[in-house]
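Shown next: upload.cif, containing mmCIF, N, CA, C and O atoms.
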```cif
data_work
#
loop_
_atom_site.label_atom_id
_atom_site.label_comp_id
_atom_site.auth_asym_id
_atom_site.auth_seq_id
_atom_site.Cartn_x
_atom_site.Cartn_y
_atom_site.Cartn_z
N MET A 1 22.19 -29.52 -22.98
CA MET A 1 21.97 -28.71 -21.80
C MET A 1 22.53 -27.31 -21.99
O MET A 1 21.92 -26.33 -21.61
N LEU A 2 23.71 -27.24 -22.59
CA LEU A 2 24.34 -25.94 -22.83
C LEU A 2 23.51 -25.09 -23.80
O LEU A 2 23.39 -23.88 -23.64
N THR A 3 22.92 -25.74 -24.78
CA THR A 3 22.09 -25.03 -25.75
C THR A 3 20.85 -24.45 -25.08
O THR A 3 20.44 -23.33 -25.38
N LEU A 4 20.26 -25.19 -24.15
CA LEU A 4 19.08 -24.72 -23.43
C LEU A 4 19.42 -23.50 -22.59
O LEU A 4 18.66 -22.52 -22.57
N VAL A 5 20.55 -23.51 -21.92
CA VAL A 5 20.99 -22.36 -21.13
C VAL A 5 21.24 -21.15 -22.04
O VAL A 5 20.84 -20.03 -21.72
N PHE A 6 21.88 -21.40 -23.16
CA PHE A 6 22.15 -20.32 -24.11
C PHE A 6 20.85 -19.69 -24.61
O PHE A 6 20.73 -18.47 -24.69
N ILE A 7 19.88 -20.51 -24.94
CA ILE A 7 18.60 -20.00 -25.45
C ILE A 7 17.88 -19.21 -24.37
O ILE A 7 17.33 -18.13 -24.64
N CYS A 8 17.89 -19.70 -23.14
CA CYS A 8 17.23 -18.97 -22.04
C CYS A 8 17.90 -17.61 -21.80
O CYS A 8 17.21 -16.60 -21.64
N LEU A 9 19.21 -17.58 -21.79
CA LEU A 9 19.91 -16.31 -21.60
C LEU A 9 19.69 -15.35 -22.77
O LEU A 9 19.56 -14.15 -22.59
N MET A 10 19.64 -15.89 -23.98
CA MET A 10 19.42 -15.06 -25.15
C MET A 10 18.02 -14.44 -25.11
O MET A 10 17.84 -13.26 -25.42
N ILE A 11 17.03 -15.22 -24.71
CA ILE A 11 15.67 -14.69 -24.58
C ILE A 11 15.64 -13.61 -23.50
O ILE A 11 14.98 -12.58 -23.66
N GLY A 12 16.36 -13.81 -22.41
CA GLY A 12 16.41 -12.80 -21.36
C GLY A 12 17.03 -11.49 -21.82
O GLY A 12 16.51 -10.41 -21.57
N VAL A 13 18.13 -11.58 -22.53
CA VAL A 13 18.81 -10.38 -23.02
C VAL A 13 17.95 -9.65 -24.04
O VAL A 13 17.75 -8.44 -23.95
N PHE A 14 17.42 -10.38 -25.03
CA PHE A 14 16.62 -9.73 -26.05
C PHE A 14 15.28 -9.25 -25.50
O PHE A 14 14.72 -8.27 -25.99
N GLY A 15 14.77 -9.91 -24.46
CA GLY A 15 13.55 -9.43 -23.80
C GLY A 15 13.77 -8.07 -23.15
O GLY A 15 12.94 -7.17 -23.25
N LYS A 16 14.92 -7.91 -22.49
CA LYS A 16 15.24 -6.61 -21.90
C LYS A 16 15.46 -5.55 -22.96
O LYS A 16 15.07 -4.40 -22.79
N LEU A 17 16.07 -5.92 -24.08
CA LEU A 17 16.26 -4.97 -25.18
C LEU A 17 14.94 -4.53 -25.79
O LEU A 17 14.77 -3.35 -26.12
N ILE A 18 14.00 -5.45 -25.92
CA ILE A 18 12.69 -5.10 -26.45
C ILE A 18 11.96 -4.18 -25.48
O ILE A 18 11.33 -3.20 -25.89
N GLY A 19 12.07 -4.45 -24.19
CA GLY A 19 11.47 -3.56 -23.19
C GLY A 19 12.08 -2.17 -23.25
O GLY A 19 11.36 -1.16 -23.16
N LEU A 20 13.39 -2.09 -23.39
CA LEU A 20 14.05 -0.80 -23.52
C LEU A 20 13.59 -0.06 -24.78
O LEU A 20 13.38 1.15 -24.75
N ALA A 21 13.41 -0.80 -25.86
CA ALA A 21 12.95 -0.18 -27.11
C ALA A 21 11.55 0.41 -26.94
O ALA A 21 11.27 1.51 -27.42
N PHE A 22 10.67 -0.30 -26.24
CA PHE A 22 9.32 0.23 -26.01
C PHE A 22 9.37 1.49 -25.15
O PHE A 22 8.65 2.46 -25.40
N LYS A 23 10.20 1.49 -24.12
CA LYS A 23 10.32 2.68 -23.26
C LYS A 23 10.86 3.87 -24.04
O LYS A 23 10.38 4.99 -23.89
N MET A 24 11.88 3.63 -24.87
CA MET A 24 12.45 4.71 -25.65
C MET A 24 11.45 5.24 -26.68
O MET A 24 11.34 6.45 -26.89
N THR A 25 10.69 4.35 -27.30
CA THR A 25 9.69 4.77 -28.28
C THR A 25 8.62 5.61 -27.63
O THR A 25 8.20 6.63 -28.17
N TRP A 26 8.18 5.24 -26.44
CA TRP A 26 7.17 6.01 -25.72
C TRP A 26 7.72 7.38 -25.36
O TRP A 26 7.03 8.39 -25.50
N GLY A 27 8.96 7.44 -24.92
CA GLY A 27 9.57 8.73 -24.59
C GLY A 27 9.71 9.64 -25.80
O GLY A 27 9.42 10.84 -25.74
N ILE A 28 10.14 9.08 -26.92
CA ILE A 28 10.28 9.87 -28.14
C ILE A 28 8.91 10.35 -28.62
O ILE A 28 8.77 11.49 -29.07
N ALA A 29 7.89 9.52 -28.50
CA ALA A 29 6.54 9.92 -28.92
C ALA A 29 6.04 11.07 -28.06
O ALA A 29 5.41 12.01 -28.58
N LYS A 30 6.29 11.03 -26.76
CA LYS A 30 5.87 12.13 -25.88
C LYS A 30 6.58 13.43 -26.24
O LYS A 30 5.97 14.49 -26.30
N VAL A 31 7.87 13.35 -26.49
CA VAL A 31 8.65 14.54 -26.83
C VAL A 31 8.16 15.12 -28.16
O VAL A 31 7.97 16.33 -28.29
N LEU A 32 7.93 14.27 -29.15
CA LEU A 32 7.43 14.76 -30.44
C LEU A 32 6.06 15.39 -30.30
O LEU A 32 5.77 16.41 -30.94
N PHE A 33 5.21 14.81 -29.48
CA PHE A 33 3.88 15.39 -29.29
C PHE A 33 3.97 16.76 -28.65
O PHE A 33 3.33 17.70 -29.10
N ILE A 34 4.81 16.89 -27.64
CA ILE A 34 4.91 18.17 -26.92
C ILE A 34 5.61 19.22 -27.75
O ILE A 34 5.19 20.38 -27.79
N LEU A 35 6.68 18.86 -28.42
CA LEU A 35 7.48 19.86 -29.14
C LEU A 35 7.00 20.15 -30.55
O LEU A 35 7.27 21.23 -31.08
N VAL A 36 6.32 19.22 -31.20
CA VAL A 36 5.95 19.41 -32.60
C VAL A 36 4.43 19.51 -32.77
O VAL A 36 3.92 20.48 -33.32
N PHE A 37 3.72 18.50 -32.31
CA PHE A 37 2.30 18.41 -32.61
C PHE A 37 1.47 19.46 -31.88
O PHE A 37 0.62 20.11 -32.48
N LEU A 38 1.69 19.65 -30.58
CA LEU A 38 0.88 20.58 -29.80
C LEU A 38 1.04 22.03 -30.29
O LEU A 38 0.03 22.71 -30.50
N PRO A 39 2.26 22.55 -30.49
CA PRO A 39 2.35 23.91 -31.03
C PRO A 39 1.73 24.04 -32.42
O PRO A 39 1.12 25.07 -32.73
N PHE A 40 1.88 23.03 -33.26
CA PHE A 40 1.27 23.07 -34.59
C PHE A 40 -0.25 23.18 -34.48
O PHE A 40 -0.88 23.96 -35.21
N VAL A 41 -0.86 22.42 -33.59
CA VAL A 41 -2.30 22.47 -33.40
C VAL A 41 -2.72 23.84 -32.87
O VAL A 41 -3.71 24.42 -33.34
N LEU A 42 -1.98 24.38 -31.91
CA LEU A 42 -2.33 25.69 -31.36
C LEU A 42 -2.21 26.79 -32.41
O LEU A 42 -3.07 27.68 -32.49
N ILE A 43 -1.18 26.75 -33.22
CA ILE A 43 -1.02 27.75 -34.29
C ILE A 43 -2.14 27.60 -35.32
O ILE A 43 -2.72 28.61 -35.76
N ALA A 44 -2.48 26.38 -35.67
CA ALA A 44 -3.56 26.15 -36.64
C ALA A 44 -4.90 26.65 -36.08
O ALA A 44 -5.70 27.24 -36.82
N LEU A 45 -5.16 26.42 -34.80
CA LEU A 45 -6.40 26.91 -34.20
C LEU A 45 -6.44 28.43 -34.19
O LEU A 45 -7.48 29.03 -34.44
N THR A 46 -5.31 29.06 -33.89
CA THR A 46 -5.26 30.51 -33.85
C THR A 46 -5.46 31.10 -35.24
O THR A 46 -6.21 32.06 -35.42
N ILE A 47 -4.80 30.54 -36.25
CA ILE A 47 -4.95 31.02 -37.62
C ILE A 47 -6.38 30.79 -38.11
O ILE A 47 -6.94 31.62 -38.83
N GLY A 48 -6.97 29.70 -37.71
CA GLY A 48 -8.33 29.39 -38.13
C GLY A 48 -9.39 30.19 -37.41
O GLY A 48 -10.58 30.05 -37.70
N GLY A 49 -9.00 31.02 -36.47
CA GLY A 49 -9.96 31.85 -35.75
C GLY A 49 -10.62 31.17 -34.58
O GLY A 49 -11.66 31.61 -34.10
N LEU A 50 -10.04 30.10 -34.11
CA LEU A 50 -10.61 29.37 -32.97
C LEU A 50 -9.82 29.64 -31.69
O LEU A 50 -9.45 28.72 -30.97
N VAL A 51 -9.61 30.91 -31.43
CA VAL A 51 -8.85 31.29 -30.23
C VAL A 51 -9.60 30.89 -28.97
O VAL A 51 -9.00 30.58 -27.94
N THR A 52 -10.93 30.83 -29.04
CA THR A 52 -11.72 30.44 -27.87
C THR A 52 -11.46 28.99 -27.48
O THR A 52 -11.67 28.61 -26.33
N ILE A 53 -10.99 28.17 -28.41
CA ILE A 53 -10.61 26.79 -28.10
C ILE A 53 -9.13 26.71 -27.75
O ILE A 53 -8.73 25.96 -26.85
N ALA A 54 -8.30 27.50 -28.44
CA ALA A 54 -6.85 27.43 -28.24
C ALA A 54 -6.45 27.96 -26.87
O ALA A 54 -5.56 27.40 -26.22
N LEU A 55 -7.08 29.04 -26.41
CA LEU A 55 -6.69 29.63 -25.13
C LEU A 55 -6.94 28.70 -23.94
O LEU A 55 -6.04 28.49 -23.12
N PRO A 56 -8.12 28.09 -23.79
CA PRO A 56 -8.29 27.13 -22.69
C PRO A 56 -7.35 25.93 -22.79
O PRO A 56 -6.90 25.40 -21.77
N LEU A 57 -7.05 25.51 -24.02
CA LEU A 57 -6.12 24.40 -24.21
C LEU A 57 -4.73 24.76 -23.69
O LEU A 57 -4.08 23.95 -23.00
N VAL A 58 -4.29 25.98 -23.97
CA VAL A 58 -2.99 26.44 -23.47
C VAL A 58 -3.00 26.52 -21.94
O VAL A 58 -2.04 26.13 -21.28
N VAL A 59 -4.10 26.99 -21.38
CA VAL A 59 -4.20 27.10 -19.91
C VAL A 59 -4.15 25.72 -19.27
O VAL A 59 -3.44 25.51 -18.28
N VAL A 60 -4.89 24.76 -19.81
CA VAL A 60 -4.90 23.40 -19.24
C VAL A 60 -3.52 22.76 -19.34
O VAL A 60 -3.03 22.17 -18.37
N VAL A 61 -2.87 22.88 -20.48
CA VAL A 61 -1.52 22.31 -20.64
C VAL A 61 -0.54 22.99 -19.69
O VAL A 61 0.32 22.34 -19.10
N GLY A 62 -0.67 24.29 -19.51
CA GLY A 62 0.20 25.01 -18.58
C GLY A 62 0.01 24.56 -17.14
O GLY A 62 0.99 24.36 -16.40
N ILE A 63 -1.23 24.38 -16.72
CA ILE A 63 -1.49 23.91 -15.36
C ILE A 63 -0.95 22.50 -15.15
O ILE A 63 -0.33 22.20 -14.12
N ILE A 64 -1.15 21.63 -16.13
CA ILE A 64 -0.64 20.26 -16.03
C ILE A 64 0.88 20.26 -15.94
O ILE A 64 1.47 19.53 -15.14
N SER A 65 1.53 21.10 -16.74
CA SER A 65 3.00 21.13 -16.70
C SER A 65 3.50 21.69 -15.38
O SER A 65 4.52 21.24 -14.87
N LEU A 66 2.80 22.66 -14.81
CA LEU A 66 3.20 23.19 -13.50
C LEU A 66 3.05 22.14 -12.41
O LEU A 66 3.92 21.98 -11.55
N VAL A 67 1.94 21.41 -12.43
CA VAL A 67 1.69 20.39 -11.41
C VAL A 67 2.70 19.26 -11.54
O VAL A 67 3.29 18.80 -10.54
N CYS A 68 2.95 18.79 -12.76
CA CYS A 68 3.91 17.71 -12.97
C CYS A 68 5.32 18.16 -12.62
O CYS A 68 6.11 17.38 -12.08
N GLY A 69 5.66 19.40 -12.89
CA GLY A 69 6.97 19.91 -12.55
C GLY A 69 7.17 20.03 -11.04
O GLY A 69 8.24 19.79 -10.51
N ALA A 70 6.11 20.40 -10.32
CA ALA A 70 6.18 20.52 -8.87
C ALA A 70 6.28 19.15 -8.20
O ALA A 70 6.95 18.99 -7.18
N VAL A 71 5.64 18.16 -8.79
CA VAL A 71 5.67 16.82 -8.21
C VAL A 71 7.04 16.19 -8.37
O VAL A 71 7.54 15.51 -7.47
N ARG A 72 7.72 16.43 -9.49
CA ARG A 72 9.02 15.82 -9.74
C ARG A 72 10.12 16.43 -8.89
O ARG A 72 11.15 15.82 -8.70
N ARG A 73 9.97 17.62 -8.42
CA ARG A 73 11.02 18.26 -7.63
C ARG A 73 10.94 17.83 -6.24
O ARG A 73 11.12 17.22 -5.48
#
```

Written as structure tokens, how would this file's structure read?
Amino acid sequence: MLTLVFICLMIGVFGKLIGLAFKMTWGIAKVLFILVFLPFVLIALTIGGLVTIALPLVVVVGIISLVCGAVRR
């Protein structure tokens, strides 16, 4: 009986740890995308002469960030 309780509690603890790991991974992926990948893509588009694509992309990302920032406050 004690072993069954131990196994149930262990599954509960490690289940919460796995959930926390998924949340942290998703947060790190979002930060990397915003801080690394998006500026790299915008610079590459500008250097490649595709400013007509880069400018609307910057405007859309700016509007989304303004709206999300206003909602959180």

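Taking CA of Leu66 (chain A) and CA of Lys30 (chain A) as the two end points, the separation is 16.8 Å.
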
Tell me which protein, DNA and RNA residues are within 7 Å of region 31-41 of chain A, counting only N, CA, C and O atoms, leaving out same-chain ones fewer than 6 positions away, and put them as a list in words. Thr25, Ile47 and Ala54 of chain A

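Here CA of Leu42 (chain A) and CA of Leu57 (chain A) stand 8.2 Å from one another.
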
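Across the model, the gap from CA of Phe22 (chain A) to atom C of Val5 (chain A) is 24.8 Å.
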
Where atoms are absent from region 39-50 of chain A, fill them in so it carries all heavy atoms, then output it as a PDB file, in the coordinates of the input.
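Written file, rebuild-v7.pdb:
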```pdb
ATOM      1  N   PRO A  39       2.260  22.550 -30.490  1.00  0.00           N
ATOM      2  CA  PRO A  39       2.350  23.910 -31.030  1.00  0.00           C
ATOM      3  C   PRO A  39       1.730  24.040 -32.420  1.00  0.00           C
ATOM      4  O   PRO A  39       1.120  25.070 -32.730  1.00  0.00           O
ATOM      5  CB  PRO A  39       3.861  24.179 -31.085  1.00  0.00           C
ATOM      6  CG  PRO A  39       4.434  23.255 -30.086  1.00  0.00           C
ATOM      7  CD  PRO A  39       3.568  22.047 -30.100  1.00  0.00           C
ATOM      8  N   PHE A  40       1.880  23.030 -33.260  1.00  0.00           N
ATOM      9  CA  PHE A  40       1.270  23.070 -34.590  1.00  0.00           C
ATOM     10  C   PHE A  40      -0.250  23.180 -34.480  1.00  0.00           C
ATOM     11  O   PHE A  40      -0.880  23.960 -35.210  1.00  0.00           O
ATOM     12  CB  PHE A  40       1.671  21.829 -35.388  1.00  0.00           C
ATOM     13  CG  PHE A  40       1.067  21.773 -36.749  1.00  0.00           C
ATOM     14  CD1 PHE A  40       1.509  22.605 -37.756  1.00  0.00           C
ATOM     15  CD2 PHE A  40       0.027  20.891 -37.015  1.00  0.00           C
ATOM     16  CE1 PHE A  40       0.938  22.558 -39.017  1.00  0.00           C
ATOM     17  CE2 PHE A  40      -0.543  20.838 -38.266  1.00  0.00           C
ATOM     18  CZ  PHE A  40      -0.085  21.678 -39.268  1.00  0.00           C
ATOM     19  N   VAL A  41      -0.860  22.420 -33.590  1.00  0.00           N
ATOM     20  CA  VAL A  41      -2.300  22.470 -33.400  1.00  0.00           C
ATOM     21  C   VAL A  41      -2.720  23.840 -32.870  1.00  0.00           C
ATOM     22  O   VAL A  41      -3.710  24.420 -33.340  1.00  0.00           O
ATOM     23  CB  VAL A  41      -2.771  21.344 -32.453  1.00  0.00           C
ATOM     24  CG1 VAL A  41      -4.198  21.552 -32.007  1.00  0.00           C
ATOM     25  CG2 VAL A  41      -2.624  20.001 -33.128  1.00  0.00           C
ATOM     26  N   LEU A  42      -1.980  24.380 -31.910  1.00  0.00           N
ATOM     27  CA  LEU A  42      -2.330  25.690 -31.360  1.00  0.00           C
ATOM     28  C   LEU A  42      -2.210  26.790 -32.410  1.00  0.00           C
ATOM     29  O   LEU A  42      -3.070  27.680 -32.490  1.00  0.00           O
ATOM     30  CB  LEU A  42      -1.450  26.001 -30.155  1.00  0.00           C
ATOM     31  CG  LEU A  42      -1.691  25.132 -28.926  1.00  0.00           C
ATOM     32  CD1 LEU A  42      -0.668  25.441 -27.857  1.00  0.00           C
ATOM     33  CD2 LEU A  42      -3.094  25.329 -28.408  1.00  0.00           C
ATOM     34  N   ILE A  43      -1.180  26.750 -33.220  1.00  0.00           N
ATOM     35  CA  ILE A  43      -1.020  27.750 -34.290  1.00  0.00           C
ATOM     36  C   ILE A  43      -2.140  27.600 -35.320  1.00  0.00           C
ATOM     37  O   ILE A  43      -2.720  28.610 -35.760  1.00  0.00           O
ATOM     38  CB  ILE A  43       0.365  27.614 -34.954  1.00  0.00           C
ATOM     39  CG1 ILE A  43       1.447  28.066 -33.975  1.00  0.00           C
ATOM     40  CG2 ILE A  43       0.445  28.423 -36.236  1.00  0.00           C
ATOM     41  CD1 ILE A  43       2.855  27.749 -34.418  1.00  0.00           C
ATOM     42  N   ALA A  44      -2.480  26.380 -35.670  1.00  0.00           N
ATOM     43  CA  ALA A  44      -3.560  26.150 -36.640  1.00  0.00           C
ATOM     44  C   ALA A  44      -4.900  26.650 -36.080  1.00  0.00           C
ATOM     45  O   ALA A  44      -5.700  27.240 -36.820  1.00  0.00           O
ATOM     46  CB  ALA A  44      -3.649  24.672 -36.992  1.00  0.00           C
ATOM     47  N   LEU A  45      -5.160  26.420 -34.800  1.00  0.00           N
ATOM     48  CA  LEU A  45      -6.400  26.910 -34.200  1.00  0.00           C
ATOM     49  C   LEU A  45      -6.440  28.430 -34.190  1.00  0.00           C
ATOM     50  O   LEU A  45      -7.480  29.030 -34.440  1.00  0.00           O
ATOM     51  CB  LEU A  45      -6.544  26.359 -32.777  1.00  0.00           C
ATOM     52  CG  LEU A  45      -6.936  24.895 -32.637  1.00  0.00           C
ATOM     53  CD1 LEU A  45      -6.876  24.459 -31.183  1.00  0.00           C
ATOM     54  CD2 LEU A  45      -8.322  24.661 -33.188  1.00  0.00           C
ATOM     55  N   THR A  46      -5.310  29.060 -33.890  1.00  0.00           N
ATOM     56  CA  THR A  46      -5.260  30.510 -33.850  1.00  0.00           C
ATOM     57  C   THR A  46      -5.460  31.100 -35.240  1.00  0.00           C
ATOM     58  O   THR A  46      -6.210  32.060 -35.420  1.00  0.00           O
ATOM     59  CB  THR A  46      -3.917  30.988 -33.263  1.00  0.00           C
ATOM     60  OG1 THR A  46      -3.746  30.378 -31.984  1.00  0.00           O
ATOM     61  CG2 THR A  46      -3.891  32.487 -33.106  1.00  0.00           C
ATOM     62  N   ILE A  47      -4.800  30.540 -36.250  1.00  0.00           N
ATOM     63  CA  ILE A  47      -4.950  31.020 -37.620  1.00  0.00           C
ATOM     64  C   ILE A  47      -6.380  30.790 -38.110  1.00  0.00           C
ATOM     65  O   ILE A  47      -6.940  31.620 -38.830  1.00  0.00           O
ATOM     66  CB  ILE A  47      -3.926  30.342 -38.544  1.00  0.00           C
ATOM     67  CG1 ILE A  47      -2.527  30.848 -38.213  1.00  0.00           C
ATOM     68  CG2 ILE A  47      -4.243  30.584 -40.008  1.00  0.00           C
ATOM     69  CD1 ILE A  47      -1.426  30.126 -38.943  1.00  0.00           C
ATOM     70  N   GLY A  48      -6.970  29.700 -37.710  1.00  0.00           N
ATOM     71  CA  GLY A  48      -8.330  29.390 -38.130  1.00  0.00           C
ATOM     72  C   GLY A  48      -9.390  30.190 -37.410  1.00  0.00           C
ATOM     73  O   GLY A  48     -10.580  30.050 -37.700  1.00  0.00           O
ATOM     74  N   GLY A  49      -9.000  31.020 -36.470  1.00  0.00           N
ATOM     75  CA  GLY A  49      -9.960  31.850 -35.750  1.00  0.00           C
ATOM     76  C   GLY A  49     -10.620  31.170 -34.580  1.00  0.00           C
ATOM     77  O   GLY A  49     -11.660  31.610 -34.100  1.00  0.00           O
ATOM     78  N   LEU A  50     -10.040  30.100 -34.110  1.00  0.00           N
ATOM     79  CA  LEU A  50     -10.610  29.370 -32.970  1.00  0.00           C
ATOM     80  C   LEU A  50      -9.820  29.640 -31.690  1.00  0.00           C
ATOM     81  O   LEU A  50      -9.450  28.720 -30.970  1.00  0.00           O
ATOM     82  CB  LEU A  50     -10.642  27.876 -33.287  1.00  0.00           C
ATOM     83  CG  LEU A  50     -11.500  27.482 -34.485  1.00  0.00           C
ATOM     84  CD1 LEU A  50     -11.298  26.022 -34.813  1.00  0.00           C
ATOM     85  CD2 LEU A  50     -12.953  27.777 -34.222  1.00  0.00           C
TER      86      LEU A  50
END
```
